[in-house]
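K.L.:
My structure file structure.txt, compact mmCIF, C-alpha atoms, is below:
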# COMPACT_ATOMS: atom_id res chain seq x y z
CA MET V 198 0.00 0.00 0.00
CA THR V 199 2.63 2.52 -0.92
CA THR V 200 1.40 4.95 -3.51
CA PRO V 201 -1.35 4.09 -5.93
CA SER V 202 0.87 4.85 -8.89
CA GLU V 203 3.14 2.00 -7.90
CA ALA V 204 0.21 -0.37 -7.94
CA THR V 205 0.87 -3.42 -9.99
CA LEU V 206 -1.86 -4.88 -12.06
CA GLN V 207 0.19 -7.74 -13.24
CA PRO V 208 1.46 -10.41 -10.90
CA GLN V 209 5.19 -10.13 -10.36
CA ALA V 210 7.28 -13.14 -11.09
CA VAL V 211 9.37 -14.11 -8.11
CA VAL V 212 12.29 -16.44 -8.47
CA TYR V 213 12.63 -18.96 -5.69
CA ASP V 214 15.90 -20.63 -4.85
CA SER V 215 16.18 -24.00 -6.51
CA ILE V 216 17.49 -25.64 -3.38
CA THR V 217 15.58 -24.05 -0.56
CA GLY V 218 12.44 -22.95 -2.38
CA VAL V 219 12.41 -19.51 -0.76
CA PRO V 220 13.69 -16.27 -2.30
CA SER V 221 17.46 -16.65 -2.34
CA GLU V 222 18.03 -13.65 -0.13
CA PHE V 223 16.57 -15.52 2.82
CA ASN V 224 18.74 -18.60 2.53
CA GLU V 225 21.14 -17.65 5.26
CA PHE V 226 18.36 -16.74 7.66
CA LEU V 227 16.53 -20.03 7.59
CA PRO V 228 16.42 -21.91 10.89
CA LYS V 229 19.63 -23.82 11.37
CA ASP V 230 17.95 -27.15 11.94
CA CYS V 231 15.64 -27.28 8.95
CA GLU V 232 16.30 -29.54 6.00
CA GLU V 233 16.42 -26.73 3.48
CA TYR V 234 19.09 -24.84 5.35
CA LYS V 235 21.31 -27.91 5.64
CA LYS V 236 20.93 -28.65 1.96
CA TRP V 237 21.77 -25.10 1.09
CA VAL V 238 24.89 -25.09 3.26
CA ALA V 239 25.96 -28.39 1.77
CA ALA V 240 25.44 -27.08 -1.74
CA LYS V 241 27.31 -23.89 -0.98
CA GLU V 242 30.27 -25.70 0.52
CA ALA V 243 30.35 -28.05 -2.40
CA GLY V 244 30.53 -25.08 -4.72
CA LEU V 245 33.25 -23.39 -2.68
CA GLU V 246 35.55 -26.34 -2.25
CA GLY V 247 35.31 -27.47 -5.81
CA GLU V 248 33.96 -30.84 -4.82
CA ALA V 249 30.73 -30.00 -6.52
CA GLY V 250 30.56 -33.15 -8.56
CA ASN V 251 30.97 -35.53 -5.69
CA LEU V 252 28.77 -33.90 -3.14
CA SER V 253 25.93 -32.71 -5.27
CA LEU V 254 25.63 -36.14 -6.77
CA ALA V 255 25.23 -37.61 -3.33
CA ASP V 256 22.67 -34.97 -2.54
CA LYS V 257 20.68 -35.77 -5.59
CA GLU V 258 20.55 -39.42 -4.75
CA ALA V 259 19.46 -38.56 -1.27
CA ASP V 260 16.57 -36.64 -2.75
CA ASP V 261 15.45 -39.36 -5.03
CA VAL V 262 15.32 -42.61 -3.18
CA GLU V 263 17.32 -42.51 -0.03
CA LYS V 264 17.00 -40.68 3.20
CA ARG V 265 20.02 -40.08 5.31
CA LEU V 266 19.46 -41.09 8.90
CA PRO V 267 21.13 -39.23 11.76
CA GLY V 268 23.42 -42.15 12.52
CA GLY V 269 25.03 -41.88 9.12
CA LYS V 270 23.06 -44.86 8.00
CA VAL V 271 21.48 -44.75 4.60
CA LYS V 272 18.00 -46.11 4.42
CA LYS V 273 15.93 -46.90 1.38
CA LYS V 274 12.88 -44.73 1.47
CA THR V 275 10.43 -46.38 -0.83
CA LYS V 276 9.68 -49.96 0.02
CA PRO V 277 6.84 -51.30 -2.02
CA GLU V 278 3.75 -51.46 0.12
CA ILE V 279 0.02 -51.40 -0.19
CA VAL V 280 -2.13 -49.06 1.85
CA LEU V 281 -5.85 -49.58 2.14
CA GLU V 282 -8.16 -46.92 3.40
CA VAL V 283 -11.88 -46.63 3.89
CA ALA V 284 -13.25 -43.13 3.82
CA THR V 285 -16.82 -42.28 4.67
CA ARG V 286 -18.66 -40.33 2.11
CA SER V 287 -22.00 -38.76 2.99
CA LYS V 288 -23.34 -40.75 5.95
CA LYS V 289 -23.85 -44.36 4.97
CA LYS V 290 -21.68 -44.52 1.89
CA SER V 291 -17.99 -45.14 1.84
CA VAL V 292 -15.13 -45.58 -0.57
CA THR V 293 -12.19 -47.91 -0.30
CA THR V 294 -8.92 -46.66 -1.71
CA ILE V 295 -6.02 -48.92 -2.52
CA LEU V 296 -2.69 -47.24 -2.86
CA GLY V 297 0.59 -48.72 -3.94
CA LEU V 298 -0.40 -51.63 -6.14
CA GLU V 299 1.76 -50.33 -8.94
CA THR V 300 4.84 -50.55 -6.75
CA PHE V 301 4.55 -54.29 -7.14
CA GLY V 302 4.20 -54.05 -10.85
CA VAL V 303 0.47 -54.62 -10.98
CA LYS V 304 -1.28 -52.94 -13.86
CA LEU V 305 -3.80 -50.55 -12.35
CA PRO V 306 -6.45 -50.56 -15.09
CA GLU V 307 -6.64 -54.34 -14.95
CA ALA V 308 -6.69 -54.37 -11.20
CA SER V 309 -9.44 -51.80 -10.98
CA LYS V 310 -11.54 -53.79 -13.38
CA LEU V 311 -11.02 -56.86 -11.26
CA PHE V 312 -12.04 -55.08 -8.09
CA GLY V 313 -15.10 -53.68 -9.75
CA LYS V 314 -16.11 -57.12 -10.94
CA LYS V 315 -15.46 -58.96 -7.72
CA PHE V 316 -17.22 -56.46 -5.53
CA ALA V 317 -19.96 -55.69 -8.04
CA SER V 318 -19.28 -52.01 -7.63
CA GLY V 319 -17.74 -49.01 -9.28
CA ALA V 320 -13.96 -48.93 -9.32
CA SER V 321 -11.77 -46.31 -10.83
CA ILE V 322 -8.23 -45.01 -10.86
CA THR V 323 -7.77 -41.66 -9.21
CA LYS V 324 -4.91 -39.47 -8.19
CA SER V 325 -3.98 -39.56 -4.54
CA PRO V 326 -2.93 -36.41 -2.65
CA THR V 327 0.70 -37.29 -3.24
CA ASP V 328 0.08 -37.45 -6.97
CA LYS V 329 0.21 -41.21 -7.18
CA ASP V 330 -2.38 -43.32 -8.87
CA GLN V 331 -4.70 -45.22 -6.63
CA ILE V 332 -7.71 -47.42 -7.09
CA GLU V 333 -10.96 -46.25 -5.64
CA VAL V 334 -13.78 -48.69 -5.06
CA GLN V 335 -17.24 -47.60 -4.04
CA GLY V 336 -18.31 -49.22 -0.78
CA ASP V 337 -16.54 -50.60 2.25
CA PHE V 338 -14.41 -53.47 1.01
CA LEU V 339 -11.44 -53.22 3.30
CA ASP V 340 -11.42 -56.86 4.39
CA LYS V 341 -12.45 -58.31 1.09
CA ALA V 342 -9.95 -56.22 -0.83
CA ALA V 343 -7.06 -57.18 1.39
CA GLU V 344 -7.77 -60.85 0.97
CA LEU V 345 -8.35 -60.52 -2.73
CA ILE V 346 -5.03 -58.76 -3.20
CA VAL V 347 -3.16 -61.45 -1.33
CA LYS V 348 -4.89 -64.19 -3.25
CA THR V 349 -4.68 -62.71 -6.72
CA TYR V 350 -1.28 -61.12 -6.71
CA ALA V 351 0.70 -63.61 -4.67
CA ASP V 352 2.87 -64.21 -7.72
CA LYS V 353 3.81 -60.51 -7.85
CA GLY V 354 5.55 -60.78 -4.52
CA ILE V 355 2.85 -59.20 -2.43
CA VAL V 356 3.04 -60.63 1.05
CA LYS V 357 0.71 -60.03 3.94
CA LYS V 358 3.39 -58.13 5.79
CA ARG V 359 3.41 -55.35 3.23
CA ILE V 360 -0.29 -54.64 3.39
CA TYR V 361 -1.34 -51.80 5.62
CA PHE V 362 -4.58 -50.04 6.33
CA MET V 363 -5.32 -46.64 7.77
CA ASP V 364 -6.68 -46.92 11.27
CA ASN V 365 -7.57 -43.50 12.61
CA LYS V 366 -5.10 -41.90 10.23
CA LYS V 367 -2.36 -44.22 11.42
CA LYS V 368 -0.79 -46.79 9.18
CA THR V 369 -1.30 -50.22 10.70
CA HIS V 370 -0.47 -53.70 9.52
CA TYR V 371 -3.56 -55.33 8.18
CA PHE V 372 -2.58 -58.89 9.01
CA ASP V 373 -1.23 -58.38 12.48
CA ASP V 374 -0.57 -62.05 13.24
CA GLU V 375 2.46 -62.18 10.97
CA MET U 202 -0.28 -21.32 12.91
CA PHE U 203 1.16 -23.36 10.11
CA LYS U 204 4.42 -24.38 11.73
CA LYS U 205 3.79 -28.06 11.29
CA PHE U 206 1.10 -28.24 8.71
CA THR U 207 0.55 -30.90 6.08
CA THR U 208 -2.41 -31.69 3.88
CA ASP U 209 -3.21 -34.57 6.23
CA GLU U 210 -4.64 -32.04 8.62
CA VAL U 211 -7.26 -30.82 6.21
CA SER U 212 -10.51 -32.05 7.71
CA THR U 213 -12.81 -31.08 4.88
CA GLN U 214 -12.34 -29.38 1.60
CA ASN U 215 -15.51 -28.31 -0.10
CA GLN U 216 -16.57 -26.27 -3.01
CA VAL U 217 -18.40 -23.38 -1.44
CA LYS U 218 -21.66 -21.77 -2.35
CA SER U 219 -21.41 -18.78 -4.60
CA SER U 220 -22.80 -16.61 -1.80
CA VAL U 221 -19.91 -17.64 0.42
CA GLN U 222 -17.56 -16.97 -2.43
CA ARG U 223 -18.98 -13.49 -2.82
CA GLY U 224 -18.56 -12.98 0.90
CA VAL U 225 -14.90 -13.94 0.76
CA ARG U 226 -14.36 -11.69 -2.18
CA ALA U 227 -16.07 -8.76 -0.48
CA LYS U 228 -14.01 -9.21 2.64
CA VAL U 229 -10.77 -9.47 0.70
CA CYS U 230 -11.64 -6.36 -1.25
CA ALA U 231 -12.47 -4.49 1.91
CA ALA U 232 -9.22 -5.49 3.56
CA TYR U 233 -7.03 -4.86 0.54
CA PRO U 234 -8.69 -2.05 -1.45
CA LEU U 235 -5.78 -1.84 -3.85
CA LEU U 236 -6.66 -5.25 -5.22
CA GLU U 237 -10.09 -4.02 -6.21
CA GLU U 238 -8.93 -0.67 -7.55
CA SER U 239 -6.31 -2.20 -9.77
CA GLY U 240 -8.62 -4.98 -10.89
CA ALA U 241 -6.15 -7.62 -9.80
CA ILE U 242 -8.89 -9.24 -7.74
CA ASP U 243 -10.34 -10.66 -10.92
CA ASP U 244 -7.09 -12.46 -11.60
CA ILE U 245 -6.84 -13.79 -8.08
CA LEU U 246 -10.47 -14.64 -7.41
CA PRO U 247 -12.18 -14.82 -10.78
CA LYS U 248 -15.94 -14.55 -10.45
CA LYS U 249 -16.57 -17.40 -12.81
CA GLU U 250 -14.33 -19.98 -11.19
CA SER U 251 -15.63 -21.77 -8.18
CA ILE U 252 -13.35 -21.86 -5.19
CA THR U 253 -12.98 -24.47 -2.49
CA VAL U 254 -12.46 -23.82 1.18
CA ALA U 255 -10.33 -26.21 3.17
CA LYS U 256 -10.95 -26.43 6.88
CA LEU U 257 -7.99 -26.97 9.14
CA PRO U 258 -7.56 -27.47 12.87
CA GLU U 259 -7.98 -24.44 15.11
CA HIS U 260 -10.75 -23.02 12.93
CA VAL U 261 -8.38 -22.06 10.18
CA GLN U 262 -9.85 -21.83 6.71
CA VAL U 263 -7.90 -21.76 3.50
CA VAL U 264 -9.31 -20.58 0.20
CA VAL U 265 -8.09 -22.84 -2.56
CA LEU U 266 -8.36 -22.01 -6.23
CA ASN U 267 -7.16 -24.50 -8.82
CA ASN U 268 -5.43 -26.47 -6.06
CA THR U 269 -3.43 -23.42 -5.02
CA PRO U 270 -3.97 -21.96 -1.58
CA ILE U 271 -4.44 -18.22 -1.92
CA PHE U 272 -6.02 -16.86 1.25
CA PHE U 273 -6.34 -18.06 4.81
CA ALA U 274 -8.19 -16.90 7.88
CA GLN U 275 -8.71 -17.96 11.43
CA ARG U 276 -12.26 -18.02 12.79
CA ASP U 277 -13.95 -14.84 11.58
CA GLY U 278 -10.70 -12.92 11.29
CA PRO U 279 -9.53 -11.12 8.20
CA TRP U 280 -8.33 -13.01 5.16
CA PHE U 281 -4.58 -13.07 4.67
CA PRO U 282 -2.93 -13.75 1.34
CA THR U 283 -0.45 -16.60 1.31
CA LEU U 284 3.14 -15.52 0.85
CA ARG U 285 3.31 -16.90 -2.67
CA LEU U 286 0.40 -14.68 -3.61
CA LEU U 287 1.81 -11.74 -1.69
CA HIS U 288 5.08 -12.07 -3.57
CA GLN U 289 3.14 -11.61 -6.77
CA TYR U 290 1.20 -8.61 -5.51
CA PRO U 291 3.54 -7.10 -2.93
CA ASP U 292 1.93 -3.68 -2.71
CA VAL U 293 -1.50 -4.67 -1.50
CA MET U 294 -0.60 -5.10 2.15
CA ALA U 295 0.71 -2.66 4.73
CA LYS U 296 4.42 -3.23 5.18
CA LEU U 297 6.55 -3.40 8.27
CA ARG U 298 10.25 -4.01 8.05
CA VAL U 299 12.24 -5.61 10.86
CA ASP U 300 15.96 -5.19 11.48
CA LYS U 301 18.48 -7.75 10.38
CA GLY U 302 18.82 -9.44 13.74
CA ALA U 303 15.17 -10.34 13.85
CA ILE U 304 14.96 -12.05 10.47
CA LYS U 305 16.09 -15.47 11.56
CA PHE U 306 13.64 -15.53 14.45
CA VAL U 307 10.78 -14.54 12.22
CA LEU U 308 11.69 -17.36 9.85
CA SER U 309 11.54 -19.76 12.78
CA GLY U 310 7.99 -18.62 13.43
CA ALA U 311 8.51 -16.13 16.25
CA ASN U 312 6.11 -13.27 16.75
CA ILE U 313 7.54 -9.88 16.01
CA MET U 314 8.53 -7.87 19.05
CA CYS U 315 8.30 -4.09 19.07
CA PRO U 316 12.02 -3.36 19.39
CA GLY U 317 12.60 -5.30 16.17
CA LEU U 318 10.29 -2.86 14.41
CA THR U 319 11.55 0.38 15.94
CA SER U 320 15.33 -0.08 15.90
CA PRO U 321 17.46 1.88 13.38
CA GLY U 322 17.56 -0.93 10.81
CA ALA U 323 13.80 -1.34 10.84
CA THR U 324 11.17 0.69 9.05
CA ILE U 325 7.48 1.15 9.60
CA HIS U 326 6.32 1.79 6.05
CA ASN U 327 2.65 2.21 6.77
CA GLU U 328 0.83 3.42 9.84
CA VAL U 329 -1.73 0.84 10.87
CA GLU U 330 -4.15 0.25 13.70
CA ALA U 331 -4.19 -2.73 16.02
CA GLY U 332 -5.62 -5.88 14.51
CA SER U 333 -4.78 -5.17 10.90
CA PRO U 334 -3.06 -7.59 8.55
CA VAL U 335 0.51 -6.65 7.68
CA ALA U 336 3.34 -8.05 5.61
CA ILE U 337 6.68 -8.43 7.35
CA TYR U 338 9.82 -7.58 5.42
CA GLY U 339 13.44 -7.81 6.46
CA GLU U 340 16.10 -5.14 6.44
CA GLY U 341 17.62 -5.05 2.96
CA MET U 342 15.25 -7.70 1.66
CA GLN U 343 13.15 -7.35 -1.44
CA HIS U 344 10.49 -9.93 -0.70
CA ALA U 345 8.07 -10.38 2.15
CA MET U 346 8.98 -13.08 4.60
CA ALA U 347 5.94 -13.28 6.86
CA VAL U 348 2.32 -12.31 7.19
CA GLY U 349 0.88 -11.32 10.51
CA ILE U 350 -1.70 -9.35 12.41
CA THR U 351 -0.78 -6.34 14.49
CA ASN U 352 -1.24 -6.51 18.23
CA MET U 353 -1.10 -2.78 18.71
CA SER U 354 -1.15 0.28 16.51
CA THR U 355 2.11 1.49 15.04
CA SER U 356 2.08 4.58 17.23
CA ASP U 357 1.78 2.36 20.29
CA MET U 358 4.69 0.30 19.04
CA ARG U 359 6.86 3.38 19.06
CA SER U 360 5.70 4.66 22.42
CA ILE U 361 5.52 1.37 24.34
CA ASN U 362 8.30 -0.37 22.46
CA LYS U 363 7.93 -3.57 24.41
CA GLY U 364 6.37 -6.95 23.88
CA MET U 365 4.67 -8.47 20.88
CA GLY U 366 3.94 -6.02 18.11
CA VAL U 367 2.80 -8.40 15.42
CA ASP U 368 1.53 -11.96 15.63
CA ASN U 369 3.32 -14.08 13.09
CA LEU U 370 0.74 -16.18 11.27
CA HIS U 371 2.46 -17.41 8.15
CA TYR U 372 6.16 -17.24 7.33
CA LEU U 373 8.61 -18.45 4.71
CA ASN U 374 9.21 -22.18 4.74
CA ASP U 375 6.44 -23.02 7.20
CA GLY U 376 3.93 -25.76 6.59
CA LEU U 377 1.63 -23.70 4.42
CA TRP U 378 4.54 -22.42 2.33
CA LYS U 379 5.67 -25.95 1.67
CA THR U 380 2.14 -26.99 0.76
CA SER U 381 2.07 -25.23 -2.57
CA THR U 382 -0.79 -27.37 -3.84
CA PHE U 383 -3.89 -28.75 -2.19
CA SER U 384 -5.39 -31.75 -3.87
Using C-alpha cells, write down the structure from this file.

P.N.:
Amino acid sequence: MTTPSEATLQPQAVVYDSITGVPSEFNEFLPKDCEEYKKWVAAKEAGLEGEAGNLSLADKEADDVEKRLPGGKVKKKTKPEIVLEVATRSKKKSVTTILGLETFGVKLPEASKLFGKKFASGASITKSPTDKDQIEVQGDFLDKAAELIVKTYADKGIVKKRIYFMDNKKKTHYFDDE
Amino acid sequence: MFKKFTTDEVSTQNQVKSSVQRGVRAKVCAAYPLLEESGAIDDILPKKESITVAKLPEHVQVVVLNNTPIFFAQRDGPWFPTLRLLHQYPDVMAKLRVDKGAIKFVLSGANIMCPGLTSPGATIHNEVEAGSPVAIYGEGMQHAMAVGITNMSTSDMRSINKGMGVDNLHYLNDGLWKTSTFS
C-alpha cells in the first residue's frame, strides 16, 4: 500500500531458490535445523571447495530414493507397500482406496476392473494427494480387498506383511498375526 | 499457525456456495482495497471460477483455487494472502520491516517484538491500527517473509516499544509455504 501509482496490475514473477524454495536472499536466515538450510549449506560448501561433482551427486541421490538417517546410515525410502483406506462419504456410503499396487508391478487398469467385478461395484483409478495413482472402489471393502489382493497377486511378490490399512489416520499392519 | 502443517490435517475441503464466495471476495476487497482498484482481484479470485475452502484445525480456513492456496483466515478474522500470492502482488498489504537481527527468528515462526520494528535498521512503512493484517519484510530484503496481524497500533509500538507487536501467522518455509498445492 505505498502509492497508488506503484500499484501493480500484473502479478510479479518471483524467483525462488532452486534448493531451498524460498527467495534466495533468505537462505542464510533459515532456521539452522531445517532440511532446506542444511541442503543449502551443503550445496554452498560443495561449490566453494570445488567438490561439486561428488557432493551434489550424493545430494541428488538422497533426494530421489534414499534418506540419510542421523546415525550416518542410509535407508531406502520407498519400500513397495500397499495401503488400504476406507473413507466415509456422505453418511452411509464409503469408498475404499487402494494405494501402492503399482509398486509391485500390478497394472492398475486391470486391477481396478477386477475389483469392480469382484465387488460388483464401481472402481476407478484416481490421483492420490501425493500425486500417485490409486484405485478407488465404491463401498466398504477393506477386508475383502485385502484378501483378494493377497490371493490374486501372490505371484507378484505381495506378502501379507506389506499390506497396511489406515486406522484412525495411522498406518497399521492389516494382518497383524504375521 | 502453520508451523507443522501438512495436507493430512485438512478435515474437509468443499466447493463453497457462490454466496460464500462473494462474501470472501467482499471481505478481501475491503481489507485490501488496492486489489479491487487495480482490478487484480479478478485475476486472483475470478468470479466465474468456483473456489474451495479447506478447513484446518484451530478453525483455520484456507481458500483454494485450482489447487493453489491463496487466502487463509482464522475463525472470523480477516483473510490473509499466502506468501506466494503476496510475492506476486507485494503492494496490496501494509508493510513493516524488521531489522536484520530479527529475520532469523521470524523465519523460525517467532512473533515480532516491538524493538525489532523500531530499531534503526527497521522501518514502519505504513501506519496501521491494532488488529490489521501486515506483511513483514526484512532489512535489505526485497520480498516479504511473513504475514501477521498487528497486536497494537504502530504509534503504540513506538511509544511502548515492548512486547509483541505483530503476531506471526504465516512465514517463509512453514507448513503452508511448503504446501504449494492442495489436492

K.L.:
As a ChimeraX atom specification, please: the residues near Asp375 in chain U (cut-off 12 Å, only C-alpha atoms, same-chain neighbours under 5 positions excluded).

P.N.:
/V:218-219,227-228,231-233 /U:202-207,283-284,307-311,346-348,369-370,380-381

K.L.:
I need the contact residues of chain U against chain V, so if you could list those with any atom within 9 Å, counting only C-alpha atoms, and return them as JSON, numbers by chain, that would help.

P.N.:
{"U": [208, 209, 233, 235, 236, 239, 240, 241, 244, 285, 286, 288, 289, 290, 291, 292, 293, 294, 295, 296, 304, 305, 306, 308, 309, 326, 327, 342, 343, 344, 346, 373, 374, 378, 379, 383, 384]}

K.L.:
Mind checking which residues fall within 8 Å of range 214-221 of chain U, counting all atoms listed in the file, ignoring those fewer than 3 positions away in the same chain, and posting them as a list in words?

P.N.:
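The filter keeps Val211, Gly224, Val225, Ser251, Ile252, Thr253, Val254, Ala255 and Lys256 of chain U.
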
K.L.:
May I ask for the distance between CA of His260 in chain U and CA of Arg276 in chain U, given in Å to one decimal place?

P.N.:
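A separation of 5.2 Å between them.
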
K.L.:
CA of Thr269 in chain U and CA of Leu377 in chain U are how many Å apart?

P.N.:
10.7 Å

K.L.:
Pick out the closest residue to Lys249 in chain U from this set: U:Asn268, U:Lys301, U:Arg223, U:Asp277. Count all atoms listed in the file.

P.N.:
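Answer, going by the shortest atom-to-atom distance: U:Arg223.
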
K.L.:
Name the residues, using the chain letters and numbers of the file, that sit within 9 Å of (-3.8, -11.6, 13.1) when counting all atoms listed in the file, and give them as a list in words.

P.N.:
Ala274, Gln275, Gly278, Pro279, Phe281, Gly332, Ser333, Pro334, Val335, Val348, Gly349, Ile350, Thr351, Asn352, Val367, Asp368, Asn369 and Leu370 of chain U
